[in-house]
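**Q** One structure is given below, represented as structure tokens, and several questions about it will come after.
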Amino acid sequence: MDLDAVRTFVAVADAGRFQEAADELGVTQQAVSKRIAALERDLGVRLFARTPRGAGLTIDGQAFLPHARELLSVAERAVDSVRPGSRPLRVDVIASRVAASGLMRDFHRAYPGVDLDVVMLHGFDTAVSALRSGAIDASFRAVGAPGLPLPQDIESVRVLDEPLQLLTGPAHVLAAARSVPLGRLAGHRIWMPGIVPGTEWAAYYDALAYEFGLAIEATGPNFGSDALLDTVADTPALATFMGELTRLVWPANHGLRRIPVTGPTPVYPHSLLWRRDNPHPALATLRDHLAAASAGHGTPETVWTPEWVLPR
């Protein structure tokens with residue numbers, strides 16, 4: 001249906017005269033008449049009855065008017081959904097409990113007036129495709145992993161280096177340690193179910209395991225963090241890695257321990273990605289906020305990241 005004709009119909013219905021509607025729309029009276037005639041042909045009914053006082057709605061016109069208004073409202077909402085500044089800032093955070101989600105909560109508290117739409121996409125390629133298509137405005141990812149190139153139209157900046165911690169049950173041999181050297185973890189079972197080959201986090205943990213001789217097991221399906229915590233709590237020989245800023249809650253009787261890893265401390269490099277020509281006004285606000293809040297953890301001599309990670 002021709003929305004210009006529908007808009008013209010509503011204008012005439014509100015004004016009661018073709019000439020007043022023409023003046024409001026900035027067109028000639030002849031153009032208004034042609035649009036109404038075309039709309040009436042499409043619908044197969046008369047919408048207006050000419051009277052000495054102007055144009056009055058017929059019964060069919062009265063029936064059509066509320067639907068015409070709704071058509072115009074839907075069209076306006078459709079345009080606003082993709083117009084920068086009129087739609088929410090769409091940001092991919094990978095998962096709800098990880099550091100990126102915390103960064104976005106802090107941003108929302110700092111800028112409550114910015115309308116946000118937080119999504120969770122799986123995999124680097126999926127996130128980059130969504131950025132390039134405009135489905136999202138920004139994404140938190142680790143950048144530089146082999147086989148996952150960053151296209152030239154996508155920009156990135158390191159915004160957070162998150163230290164890893166060792167999570168153990170109360171009966172684990174390292175459970176009482178205040179901290180544990182990374183090299184001492186060789187020979188211990190570290191279980192991280194759900195690591196998908198070809199993802200940036202798989203590349204990160206592959207590099208970590210290779211460089212320090214760690215036994216990182218990715219066997220078994222990922223039933224979520226609750227199932228992982230239950231298993232670690234009940235299995236003395238099992239441990240897992242968790243980001244320092246990952247929010248976790250578990251039953252008190254689990255007795256889980258979060259132990260800092262040192263000498264060096266492995267950090268996960270969170271970068272913000274966005275399309276170079278994205279015009280959303282809130283995107284610059286988010287980048288400025290993260291730039292002011294970002295901080296590295298330690299010096300290059302005391303932390304570890306894979307060689308492929310782009311520098312800060």
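Chain labels run A, B, ... following the order of the structure tokens; each chain numbers its residues from 1, and ligands are numbered from 1 in the order shown.
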Excluding segment 145-148 of chain A and residues on its chain fewer than 4 positions from it, collect all residues at most 9 Å away from it, counting only C-alpha atoms, and give them as JSON, numbers by chain.

**A** {"A": [124, 125, 198, 199, 200, 201, 203, 204, 306, 308, 309]}

**Q** Take the residues from that selection and put them in a file with N, CA, C and O atoms, as a short mmCIF file (atom, residue, chain, number, x, y, z; two decimals), in the first residue's frame.

**A**
```
data_model
loop_
_atom_site.label_atom_id
_atom_site.label_comp_id
_atom_site.auth_asym_id
_atom_site.auth_seq_id
_atom_site.Cartn_x
_atom_site.Cartn_y
_atom_site.Cartn_z
N PHE A 124 33.43 -15.47 17.14
CA PHE A 124 34.02 -14.25 16.58
C PHE A 124 33.43 -13.93 15.21
O PHE A 124 33.04 -12.78 14.94
N ASP A 125 33.36 -14.93 14.33
CA ASP A 125 32.85 -14.69 12.98
C ASP A 125 31.40 -14.19 13.01
O ASP A 125 31.02 -13.30 12.24
N GLY A 198 37.99 -23.30 17.07
CA GLY A 198 37.83 -22.24 16.09
C GLY A 198 37.36 -20.92 16.66
O GLY A 198 37.29 -19.93 15.93
N THR A 199 37.05 -20.89 17.96
CA THR A 199 36.65 -19.64 18.60
C THR A 199 37.88 -18.95 19.19
O THR A 199 38.92 -19.57 19.38
N GLU A 200 37.72 -17.67 19.50
CA GLU A 200 38.86 -16.94 20.04
C GLU A 200 39.24 -17.43 21.44
O GLU A 200 40.42 -17.43 21.81
N TRP A 201 38.26 -17.87 22.24
CA TRP A 201 38.62 -18.37 23.56
C TRP A 201 39.27 -19.74 23.49
O TRP A 201 40.12 -20.07 24.31
N ALA A 203 41.33 -20.55 21.04
CA ALA A 203 42.71 -20.19 20.68
C ALA A 203 43.49 -19.70 21.90
O ALA A 203 44.68 -20.01 22.06
N TYR A 204 42.82 -18.97 22.76
CA TYR A 204 43.49 -18.46 23.96
C TYR A 204 43.92 -19.61 24.87
O TYR A 204 45.09 -19.68 25.30
N PRO A 306 48.57 -14.54 24.93
CA PRO A 306 49.17 -15.18 23.76
C PRO A 306 49.90 -14.16 22.88
O PRO A 306 49.58 -12.97 22.88
N TRP A 308 49.65 -13.72 19.84
CA TRP A 308 48.84 -13.16 18.77
C TRP A 308 47.94 -12.01 19.22
O TRP A 308 47.33 -11.31 18.40
N VAL A 309 47.83 -11.78 20.51
CA VAL A 309 46.95 -10.72 21.00
C VAL A 309 47.50 -9.36 20.60
O VAL A 309 48.70 -9.07 20.76
#
```

**Q** If you take only C-alpha atoms and a cut-off of 8 Å, which residues of segment 235-306 of chain A touch segment 187-196 of chain A, and what are their nearest atom pairs and distances in Å to one decimal, in chain and number order, as CSV?

**A**
```
residue,atom,partner,partner_atom,distance
A:Ala237,CA,A:Arg189,CA,6.6
A:Leu238,CA,A:Arg189,CA,5.4
A:Ala239,CA,A:Ile190,CA,4.8
A:Thr240,CA,A:Ile190,CA,4.9
A:Phe241,CA,A:Ile190,CA,7.3
```

**Q** With DSSP run on the backbone, what are the helix (DSSP H, G or I) residues within segment 127-306 of chain A? I'd like them as an MDAnalysis selection string.

**A** chainID A and resid 127:133 182:185 200:212 225:234 252:254 281:293

**Q** Excluding same-chain residues fewer than 5 positions from Asp4 of chain A, what lies within 10 Å of it counting only C-alpha atoms, as a list in words?

**A**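 Near Asp4 of chain A, the qualifying residues are Phe9, Val10, Leu25, Val32, Arg35, Ile36, Leu39 and Leu72 of chain A.
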
**Q** Near segment 97-108 of chain A, counting only C-alpha atoms, which residues have an atom at most 8 Å away, once you skip same-chain residues fewer than 6 positions from it, shown as an MDAnalysis selection string?

**A** chainID A and resid 114 116 140 162 243 245:248 270 286 289:290

**Q** Mind dumping the selected residues with N, CA and C atoms as an mmCIF file, in the first residue's frame?

**A**
```cif
data_model
loop_
_atom_site.group_PDB
_atom_site.id
_atom_site.type_symbol
_atom_site.label_atom_id
_atom_site.label_comp_id
_atom_site.auth_asym_id
_atom_site.auth_seq_id
_atom_site.Cartn_x
_atom_site.Cartn_y
_atom_site.Cartn_z
ATOM 1 N N VAL A 114 20.994 6.422 28.065
ATOM 2 C CA VAL A 114 21.303 5.717 26.820
ATOM 3 C C VAL A 114 20.498 4.418 26.770
ATOM 4 N N LEU A 116 19.821 0.814 25.806
ATOM 5 C CA LEU A 116 20.715 -0.303 25.485
ATOM 6 C C LEU A 116 19.922 -1.537 25.102
ATOM 7 N N PHE A 140 32.304 -7.330 22.395
ATOM 8 C CA PHE A 140 33.508 -7.570 23.194
ATOM 9 C C PHE A 140 34.104 -8.907 22.771
ATOM 10 N N GLU A 162 41.600 -9.083 31.903
ATOM 11 C CA GLU A 162 40.979 -9.702 33.074
ATOM 12 C C GLU A 162 41.818 -10.876 33.569
ATOM 13 N N GLY A 243 37.337 -16.049 35.069
ATOM 14 C CA GLY A 243 37.793 -14.671 35.067
ATOM 15 C C GLY A 243 37.547 -14.026 36.423
ATOM 16 N N LEU A 245 36.519 -11.192 37.154
ATOM 17 C CA LEU A 245 35.315 -10.374 37.196
ATOM 18 C C LEU A 245 34.044 -11.153 36.855
ATOM 19 N N THR A 246 34.177 -12.466 36.608
ATOM 20 C CA THR A 246 32.999 -13.281 36.340
ATOM 21 C C THR A 246 32.195 -13.429 37.618
ATOM 22 N N ARG A 247 30.907 -13.108 37.535
ATOM 23 C CA ARG A 247 30.038 -13.143 38.716
ATOM 24 C C ARG A 247 29.497 -14.557 38.912
ATOM 25 N N LEU A 248 29.776 -15.134 40.074
ATOM 26 C CA LEU A 248 29.342 -16.499 40.369
ATOM 27 C C LEU A 248 28.687 -16.553 41.744
ATOM 28 N N HIS A 270 40.074 -8.438 26.730
ATOM 29 C CA HIS A 270 38.780 -8.039 26.173
ATOM 30 C C HIS A 270 38.954 -6.770 25.335
ATOM 31 N N LEU A 286 30.120 5.225 24.591
ATOM 32 C CA LEU A 286 30.577 3.962 25.156
ATOM 33 C C LEU A 286 32.092 3.845 25.049
ATOM 34 N N HIS A 289 33.750 6.102 27.576
ATOM 35 C CA HIS A 289 33.574 5.583 28.933
ATOM 36 C C HIS A 289 34.544 4.443 29.207
ATOM 37 N N LEU A 290 34.678 3.521 28.260
ATOM 38 C CA LEU A 290 35.577 2.385 28.453
ATOM 39 C C LEU A 290 37.033 2.818 28.471
#
```

**Q** I need the residues of segment 82-285 of chain A that end up classed as strand (DSSP E or B) by DSSP on the backbone, written out as an NGL selection string.

**A** :A and (89-92 or 116-119 or 138-141 or 154-168 or 180-181 or 189-191 or 215-217 or 238-243 or 257-262 or 265-275)

**Q** Skipping near chain neighbours, those fewer than 4 positions away, what residues fall within 8 Å of segment 17-22 of chain A using only C-alpha atoms, listed as JSON, numbers by chain?

**A** {"A": [8, 11, 12, 13, 26, 27, 28, 29, 31, 32, 33, 53, 54, 55]}

**Q** Restricting the output to all heavy atoms, write the selected residues as a PDB file, in the first residue's frame.

**A**
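Written out: part38.pdb:
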```pdb
ATOM      1  N   THR A   8      -1.810  10.997   3.059  1.00  0.00           N
ATOM      2  CA  THR A   8      -2.674  12.030   2.494  1.00  0.00           C
ATOM      3  C   THR A   8      -4.116  11.835   2.950  1.00  0.00           C
ATOM      4  O   THR A   8      -4.818  12.795   3.289  1.00  0.00           O
ATOM      5  CB  THR A   8      -2.593  12.000   0.959  1.00  0.00           C
ATOM      6  OG1 THR A   8      -1.238  12.210   0.563  1.00  0.00           O
ATOM      7  CG2 THR A   8      -3.469  13.080   0.338  1.00  0.00           C
ATOM      8  N   ALA A  11      -4.446  13.087   6.428  1.00  0.00           N
ATOM      9  CA  ALA A  11      -4.386  14.551   6.457  1.00  0.00           C
ATOM     10  C   ALA A  11      -5.718  15.165   6.041  1.00  0.00           C
ATOM     11  O   ALA A  11      -6.190  16.136   6.644  1.00  0.00           O
ATOM     12  CB  ALA A  11      -3.254  15.038   5.552  1.00  0.00           C
ATOM     13  N   VAL A  12      -6.345  14.619   4.998  1.00  0.00           N
ATOM     14  CA  VAL A  12      -7.645  15.130   4.551  1.00  0.00           C
ATOM     15  C   VAL A  12      -8.712  14.859   5.611  1.00  0.00           C
ATOM     16  O   VAL A  12      -9.558  15.717   5.907  1.00  0.00           O
ATOM     17  CB  VAL A  12      -8.044  14.502   3.202  1.00  0.00           C
ATOM     18  CG1 VAL A  12      -9.465  14.925   2.812  1.00  0.00           C
ATOM     19  CG2 VAL A  12      -7.056  14.899   2.109  1.00  0.00           C
ATOM     20  N   ALA A  13      -8.675  13.666   6.204  1.00  0.00           N
ATOM     21  CA  ALA A  13      -9.658  13.331   7.238  1.00  0.00           C
ATOM     22  C   ALA A  13      -9.546  14.285   8.419  1.00  0.00           C
ATOM     23  O   ALA A  13     -10.563  14.700   9.001  1.00  0.00           O
ATOM     24  CB  ALA A  13      -9.459  11.890   7.690  1.00  0.00           C
ATOM     25  N   GLY A  26       2.411  20.155   1.807  1.00  0.00           N
ATOM     26  CA  GLY A  26       3.328  20.849   0.910  1.00  0.00           C
ATOM     27  C   GLY A  26       3.226  20.389  -0.527  1.00  0.00           C
ATOM     28  O   GLY A  26       4.227  20.380  -1.247  1.00  0.00           O
ATOM     29  N   VAL A  27       2.014  20.005  -0.955  1.00  0.00           N
ATOM     30  CA  VAL A  27       1.790  19.580  -2.333  1.00  0.00           C
ATOM     31  C   VAL A  27       0.576  20.345  -2.872  1.00  0.00           C
ATOM     32  O   VAL A  27      -0.075  21.106  -2.152  1.00  0.00           O
ATOM     33  CB  VAL A  27       1.541  18.056  -2.430  1.00  0.00           C
ATOM     34  CG1 VAL A  27       2.751  17.271  -1.929  1.00  0.00           C
ATOM     35  CG2 VAL A  27       0.298  17.650  -1.624  1.00  0.00           C
ATOM     36  N   THR A  28       0.272  20.120  -4.132  1.00  0.00           N
ATOM     37  CA  THR A  28      -0.879  20.798  -4.734  1.00  0.00           C
ATOM     38  C   THR A  28      -2.166  20.049  -4.391  1.00  0.00           C
ATOM     39  O   THR A  28      -2.144  18.851  -4.047  1.00  0.00           O
ATOM     40  CB  THR A  28      -0.735  20.871  -6.259  1.00  0.00           C
ATOM     41  OG1 THR A  28      -0.764  19.542  -6.790  1.00  0.00           O
ATOM     42  CG2 THR A  28       0.576  21.549  -6.649  1.00  0.00           C
ATOM     43  N   GLN A  29      -3.302  20.765  -4.519  1.00  0.00           N
ATOM     44  CA  GLN A  29      -4.589  20.113  -4.295  1.00  0.00           C
ATOM     45  C   GLN A  29      -4.824  19.005  -5.309  1.00  0.00           C
ATOM     46  O   GLN A  29      -5.412  17.976  -4.998  1.00  0.00           O
ATOM     47  CB  GLN A  29      -5.729  21.134  -4.359  1.00  0.00           C
ATOM     48  CG  GLN A  29      -7.102  20.523  -4.081  1.00  0.00           C
ATOM     49  CD  GLN A  29      -8.201  21.564  -4.049  1.00  0.00           C
ATOM     50  OE1 GLN A  29      -7.943  22.747  -3.896  1.00  0.00           O
ATOM     51  NE2 GLN A  29      -9.449  21.094  -4.182  1.00  0.00           N
ATOM     52  N   ALA A  31      -2.539  17.060  -6.550  1.00  0.00           N
ATOM     53  CA  ALA A  31      -1.788  15.883  -6.101  1.00  0.00           C
ATOM     54  C   ALA A  31      -2.554  15.142  -5.015  1.00  0.00           C
ATOM     55  O   ALA A  31      -2.591  13.900  -4.988  1.00  0.00           O
ATOM     56  CB  ALA A  31      -0.413  16.302  -5.601  1.00  0.00           C
ATOM     57  N   VAL A  32      -3.195  15.907  -4.117  1.00  0.00           N
ATOM     58  CA  VAL A  32      -3.995  15.273  -3.065  1.00  0.00           C
ATOM     59  C   VAL A  32      -5.149  14.484  -3.673  1.00  0.00           C
ATOM     60  O   VAL A  32      -5.414  13.330  -3.298  1.00  0.00           O
ATOM     61  CB  VAL A  32      -4.511  16.338  -2.076  1.00  0.00           C
ATOM     62  CG1 VAL A  32      -5.557  15.729  -1.135  1.00  0.00           C
ATOM     63  CG2 VAL A  32      -3.358  16.916  -1.258  1.00  0.00           C
ATOM     64  N   SER A  33      -5.828  15.103  -4.625  1.00  0.00           N
ATOM     65  CA  SER A  33      -6.964  14.424  -5.264  1.00  0.00           C
ATOM     66  C   SER A  33      -6.519  13.148  -5.956  1.00  0.00           C
ATOM     67  O   SER A  33      -7.205  12.116  -5.891  1.00  0.00           O
ATOM     68  CB  SER A  33      -7.631  15.375  -6.275  1.00  0.00           C
ATOM     69  OG  SER A  33      -8.156  16.517  -5.616  1.00  0.00           O
ATOM     70  N   ARG A  53     -19.157  22.015   2.505  1.00  0.00           N
ATOM     71  CA  ARG A  53     -18.231  22.438   3.569  1.00  0.00           C
ATOM     72  C   ARG A  53     -16.880  21.734   3.484  1.00  0.00           C
ATOM     73  O   ARG A  53     -16.008  21.948   4.322  1.00  0.00           O
ATOM     74  CB  ARG A  53     -18.871  22.165   4.931  1.00  0.00           C
ATOM     75  CG  ARG A  53     -20.043  23.086   5.234  1.00  0.00           C
ATOM     76  CD  ARG A  53     -20.661  22.790   6.571  1.00  0.00           C
ATOM     77  NE  ARG A  53     -21.258  21.455   6.613  1.00  0.00           N
ATOM     78  CZ  ARG A  53     -21.865  20.944   7.680  1.00  0.00           C
ATOM     79  NH1 ARG A  53     -21.932  21.638   8.801  1.00  0.00           N
ATOM     80  NH2 ARG A  53     -22.410  19.739   7.621  1.00  0.00           N
ATOM     81  N   GLY A  54     -16.679  20.871   2.499  1.00  0.00           N
ATOM     82  CA  GLY A  54     -15.397  20.212   2.347  1.00  0.00           C
ATOM     83  C   GLY A  54     -15.552  18.748   1.992  1.00  0.00           C
ATOM     84  O   GLY A  54     -16.363  18.386   1.151  1.00  0.00           O
ATOM     85  N   ALA A  55     -14.759  17.902   2.676  1.00  0.00           N
ATOM     86  CA  ALA A  55     -14.765  16.469   2.404  1.00  0.00           C
ATOM     87  C   ALA A  55     -15.072  15.728   3.694  1.00  0.00           C
ATOM     88  O   ALA A  55     -14.339  15.852   4.685  1.00  0.00           O
ATOM     89  CB  ALA A  55     -13.421  16.030   1.844  1.00  0.00           C
TER      90      ALA A  55
END
```

**Q** For a test of reading the model, state the distance in Å between atom CA of Ser73 of chain A and atom CA of Arg46 of chain A, rounded to one decimal.

**A** 23.3 Å

**Q** Rank nothing, just name the residue among A:Glu155, A:Glu24, A:Glu76, A:Asp230 nearest to His254 of chain A, using only C-alpha atoms.

**A**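 Once distances to His254 of chain A are computed over only C-alpha atoms, the minimum belongs to A:Asp230.
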
**Q** One decimal, Å: what's the distance from atom CA of Ser271 of chain A over to atom CA of Val159 of chain A, could you say?

**A**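 According to the coordinates, atom CA of Ser271 of chain A and atom CA of Val159 of chain A are separated by 5.3 Å.
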
**Q** Check the smallest atom-to-atom distance from each of A:Leu43, A:Val93, A:Val157, A:Ala177 to Ala127 of chain A using only C-alpha atoms, then report the winner.

**A**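 Closest residue, counting only C-alpha atoms: A:Val93.
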
**Q** Check the smallest atom-to-atom distance from each of A:Val173, A:Arg87, A:Tyr111, A:Asp42 to Asp288 of chain A using only C-alpha atoms, then report the winner.

**A** A:Tyr111

**Q** With only C-alpha atoms as the counted atoms, please give the residues lying no more than 7 Å from Val91 of chain A, apart from itself and same-chain residues fewer than 5 positions off, as number ranges by chain.

**A** A: 117-119, 136-139

**Q** Under the rule that only C-alpha atoms are counted, which of A:Ala209, A:Met242, A:Val303, A:Val180 is the nearest residue to Pro260 of chain A?

**A**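 The closest residue to Pro260 of chain A is A:Val180.
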
**Q** Which residues are near Asp161 of chain A? Cut-off 12 Å, only C-alpha atoms, ignore same chain within fewer than 6 positions. Put them as an NGL selection string.

**A** :A and (99-100 or 140-142 or 243-245 or 265-272 or 293-300 or 303-305 or 309-312)

**Q** What does the distance from atom CA of Ala284 of chain A to atom CA of Leu89 of chain A come to in Å, to one decimal?

**A**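 Between atom CA of Ala284 of chain A and atom CA of Leu89 of chain A the gap is 10.7 Å.
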